[in-house]
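Peer 1: Below: one structure in structure tokens.
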Amino acid sequence: MNPLDERMHPIGAEGAWSESYYFNFVDPESRIAMFTRMGFRPGDGWADGLHVVYLGGDRVAFTYGRREIASDLNAYNDDLRAGQLELVCVVPFQNWEVRYDGAAQDIADASILLERRKARPAGWYEPTMLSMQMDFNALTEPHYAASGSRGHFEQTGQVRGEIRLEGARGTEVFHPSGFGVRDKSWGPRDWSAGQQQAPAAQQKGEGERTGADVPHPFVNWFSMNFGPDLALGGSCFRHPDGVMRGSGWITRDGHTEDLRDVVIDSEYRKGSLWHTAVRLRGETASGRGVDVAGKILTICPTKIPMAGGATFVNEGLAEFQTEGRTGYGISEHWHAVRAG
């Protein structure tokens with residue numbers, strides 16, 4: 001655990017170099033939830049921030065902002081902003097603040113984000129003003145999946161704060177309190193990495209997306225909390241045999257260990273990239289089996305345009321069951337979709 005890893009790192013030679021910060025949380029009582037990702041891409045000359053609040057049912061408040069940046073990322077160690085999103089490190093590895101104050105799209109049914117913008121009906125969102133501040137207080141030390149010149153760590157924590165919306169529904173104020181996961185990564189990130197892996201059914205074009213076949217995401221990332229004493233996270237990647245395999249971490253009663261031999265299976269709405277359920281199986285480094293069933297409550301699809309198509313990163317808010325306990329978190333699926 002190096003406190004300097006909370007700050008910017010030397011930039012590598014890769015054009016897709018990125019330094020990114022991610023936070024999520026879910027309130028288990030209200031199911032109000034959030035995910036935030038801010039990435040600095042010096043090779044592209046900009047930083048961007050994606051910030052989404054799940055507001056119950058399929059309703060979300062969606063925001064996206066971008067700013068121009070210089071090539072020396074050290075200039076932004078104390079200036080983590082993109083659009084109206086701001087991240088503040090109060091104490092490294094202990095306390096962070098996630099702040100937003102500005103315009104947002106109040107979307108009643110987030111599945112509309114799977115459609116091309118020109119195919120969406122008039123009034124597919126209501127303009128609103130979103131103001132929020134959430135405090136993330138770590139419950140454990142970070143778990144490093146990689147370090148050095150290319151690194152990634154994840155950390156579980158307790159989150160609470162205030163969310164205020166001013167829009168067509170009037171003034172709405174929420175005071176969520178729950179649990180979540182943060183991560184930090186630095187190194188090359190190529191969102192188009194799955195384009196060459198897209199199955200034939202997904203190569204028919206964005207309008208059809210998957211045809212009648214089951215989608216084939218090329219990344220599954222997951223995080224979940226079952227209270228202050230149990231949390232797990234990690235990622236799986238599609239292997240040549242079609243199986244989603246990977247690894248991660250699990251924290252139980254303050255002790256964190258590696259999660260190995262993870263396999264994820266997913267279910268989908270017919271003819272859609274919208275996943276509805278997941279099943280995760282794996283084993284801890286100490287040999288204890290892990291079996292988690294997840295039900296997707298809703299999804300916020302995020303589309304990243306690519307040459308010849310797009311990558312959809314579908315952020316699924318999920319309810320999980322394991323060992324007779326109920327938890328909440330994010331089940332994220334990456335899909336490569338080719339146009340034409």
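So you can find residues: chains in the structure tokens are A, B, ... in the order shown, residues in each start at 1, and ligands are numbered from 1 in order.
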Out of segment 105-192 of chain A, which residues get strand (DSSP E or B) from DSSP, as a PyMOL selection string?
Peer 2: chain A and resi 105-107+126-138+143-146+151-167+170-174+177-188
Peer 1: Write out as a ChimeraX atom specification each polymer residue whose atoms come within 10 Å of Thr284 of chain A, counting only C-alpha atoms; drop sequence neighbours fewer than 3 positions from it.
Peer 2: /A:247-250,256-262,287-290
Peer 1: With N, CA and C atoms retained, export the selected residues as a PDB file, in the first residue's frame.
Peer 2:
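Written output follows (selection_10.pdb):
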```
ATOM      1  N   SER A 247     -10.506 -13.613 -11.799  1.00  0.00           N
ATOM      2  CA  SER A 247     -10.068 -13.656 -10.414  1.00  0.00           C
ATOM      3  C   SER A 247     -10.538 -12.389  -9.711  1.00  0.00           C
ATOM      4  N   GLY A 248     -10.213 -12.278  -8.432  1.00  0.00           N
ATOM      5  CA  GLY A 248     -10.617 -11.106  -7.685  1.00  0.00           C
ATOM      6  C   GLY A 248     -10.141 -11.167  -6.252  1.00  0.00           C
ATOM      7  N   TRP A 249     -10.970 -10.658  -5.356  1.00  0.00           N
ATOM      8  CA  TRP A 249     -10.634 -10.585  -3.945  1.00  0.00           C
ATOM      9  C   TRP A 249     -11.911 -10.765  -3.130  1.00  0.00           C
ATOM     10  N   ILE A 250     -11.734 -11.159  -1.886  1.00  0.00           N
ATOM     11  CA  ILE A 250     -12.859 -11.259  -0.960  1.00  0.00           C
ATOM     12  C   ILE A 250     -12.386 -10.810   0.411  1.00  0.00           C
ATOM     13  N   THR A 256      -8.646  -9.862   4.025  1.00  0.00           N
ATOM     14  CA  THR A 256      -8.794  -9.924   2.573  1.00  0.00           C
ATOM     15  C   THR A 256      -7.857 -10.970   1.998  1.00  0.00           C
ATOM     16  N   GLU A 257      -8.380 -11.768   1.062  1.00  0.00           N
ATOM     17  CA  GLU A 257      -7.553 -12.737   0.359  1.00  0.00           C
ATOM     18  C   GLU A 257      -7.983 -12.816  -1.098  1.00  0.00           C
ATOM     19  N   ASP A 258      -7.143 -13.459  -1.896  1.00  0.00           N
ATOM     20  CA  ASP A 258      -7.429 -13.586  -3.318  1.00  0.00           C
ATOM     21  C   ASP A 258      -8.623 -14.500  -3.558  1.00  0.00           C
ATOM     22  N   LEU A 259      -9.363 -14.179  -4.613  1.00  0.00           N
ATOM     23  CA  LEU A 259     -10.460 -15.016  -5.091  1.00  0.00           C
ATOM     24  C   LEU A 259     -10.006 -15.586  -6.429  1.00  0.00           C
ATOM     25  N   ARG A 260      -9.982 -16.906  -6.551  1.00  0.00           N
ATOM     26  CA  ARG A 260      -9.399 -17.570  -7.706  1.00  0.00           C
ATOM     27  C   ARG A 260     -10.425 -18.400  -8.466  1.00  0.00           C
ATOM     28  N   ASP A 261     -10.049 -18.724  -9.696  1.00  0.00           N
ATOM     29  CA  ASP A 261     -10.850 -19.638 -10.535  1.00  0.00           C
ATOM     30  C   ASP A 261     -12.314 -19.202 -10.600  1.00  0.00           C
ATOM     31  N   VAL A 262     -12.529 -17.906 -10.785  1.00  0.00           N
ATOM     32  CA  VAL A 262     -13.886 -17.365 -10.851  1.00  0.00           C
ATOM     33  C   VAL A 262     -14.464 -17.628 -12.242  1.00  0.00           C
ATOM     34  N   GLY A 287      -8.942 -21.885   0.079  1.00  0.00           N
ATOM     35  CA  GLY A 287      -9.635 -23.102  -0.319  1.00  0.00           C
ATOM     36  C   GLY A 287     -11.118 -23.140  -0.038  1.00  0.00           C
ATOM     37  N   ARG A 288     -11.709 -22.031   0.351  1.00  0.00           N
ATOM     38  CA  ARG A 288     -13.138 -21.988   0.647  1.00  0.00           C
ATOM     39  C   ARG A 288     -13.915 -21.659  -0.618  1.00  0.00           C
ATOM     40  N   GLY A 289     -14.934 -22.436  -0.915  1.00  0.00           N
ATOM     41  CA  GLY A 289     -15.736 -22.205  -2.106  1.00  0.00           C
ATOM     42  C   GLY A 289     -16.619 -20.968  -1.970  1.00  0.00           C
ATOM     43  N   VAL A 290     -16.848 -20.296  -3.083  1.00  0.00           N
ATOM     44  CA  VAL A 290     -17.704 -19.112  -3.135  1.00  0.00           C
ATOM     45  C   VAL A 290     -18.728 -19.321  -4.234  1.00  0.00           C
TER      46      VAL A 290
END
```
Peer 1: Show me, as a list in words, the residues that have an atom within 9 Å of segment 71-79 of chain A when counting only C-alpha atoms, minus same-chain residues fewer than 4 positions from it.
Peer 2: Glu6, Arg7, Met8, His9, Pro10, Ile11, Glu19, Phe40, Arg41, Pro42, Gly43, Gly45, Glu86, Leu87, Val88 and Cys89 of chain A
Peer 1: Please list as a ChimeraX atom specification every residue within 10 Å of Glu267 of chain A, counting only C-alpha atoms and excluding residues in the same chain fewer than 2 positions away.
Peer 2: /A:214-215,265,269-270,273-279,295-296
Peer 1: Near Arg37 of chain A, counting only C-alpha atoms, which residues have an atom at most 6 Å away, once you skip same-chain residues fewer than 4 positions from it, shown as a list in words?
Peer 2: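 Contacts, with the query itself left out: Tyr21, Tyr22, Gly49 and Leu50 of chain A.
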Peer 1: Enumerate the residues of segment 75-300 of chain A with a DSSP assignment of helix (DSSP H, G or I), computed from the backbone, and present them as a ChimeraX atom specification.
Peer 2: /A:75-76,110-114,117-119,195-197,200-204
Peer 1: Which of these, A:Phe174, A:Tyr268, A:Phe23, A:Trp186, has the shortest distance to Ser147 of chain A once you count only C-alpha atoms?
Peer 2: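 Result for the nearest residue to Ser147 of chain A: A:Trp186.
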Peer 1: List the neighbours of Gly178 of chain A out to 8 Å using only C-alpha atoms; skip same-chain residues closer than 6 positions along the sequence, and give me the result as a list in words.
Peer 2: Phe25, Val26, Asp27, Pro28, Gln158, Val159 and Arg160 of chain A
Peer 1: Could you pull the residues within 9 Å of Ser111 of chain A, counting only C-alpha atoms, minus those fewer than 4 positions along the same chain, as a PyMOL selection string?
Peer 2: chain A and resi 58+115+274+298-301
Peer 1: For the residues in that selection, give me C-alpha atoms as a JSON list (two decimals), in the first residue's frame.
Peer 2:
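Written file, selection01.json:
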```
[["chain", "number", "residue", "atom", "x", "y", "z"],
["A", 58, "ASP", "CA", -35.32, 1.78, -14.06],
["A", 115, "GLU", "CA", -30.99, 2.78, -28.66],
["A", 274, "TRP", "CA", -29.64, -6.32, -21.05],
["A", 298, "THR", "CA", -31.78, -2.36, -13.47],
["A", 299, "ILE", "CA", -29.01, -1.35, -15.85],
["A", 300, "CYS", "CA", -27.51, 1.93, -16.98],
["A", 301, "PRO", "CA", -26.01, 1.25, -20.43]]
```
Peer 1: Just the number, please: distance in Å from atom CA of Arg66 of chain A to atom CA of Asn24 of chain A, one decimal.
Peer 2: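 Atom-to-atom, atom CA of Arg66 of chain A and atom CA of Asn24 of chain A are spaced 19.9 Å apart.
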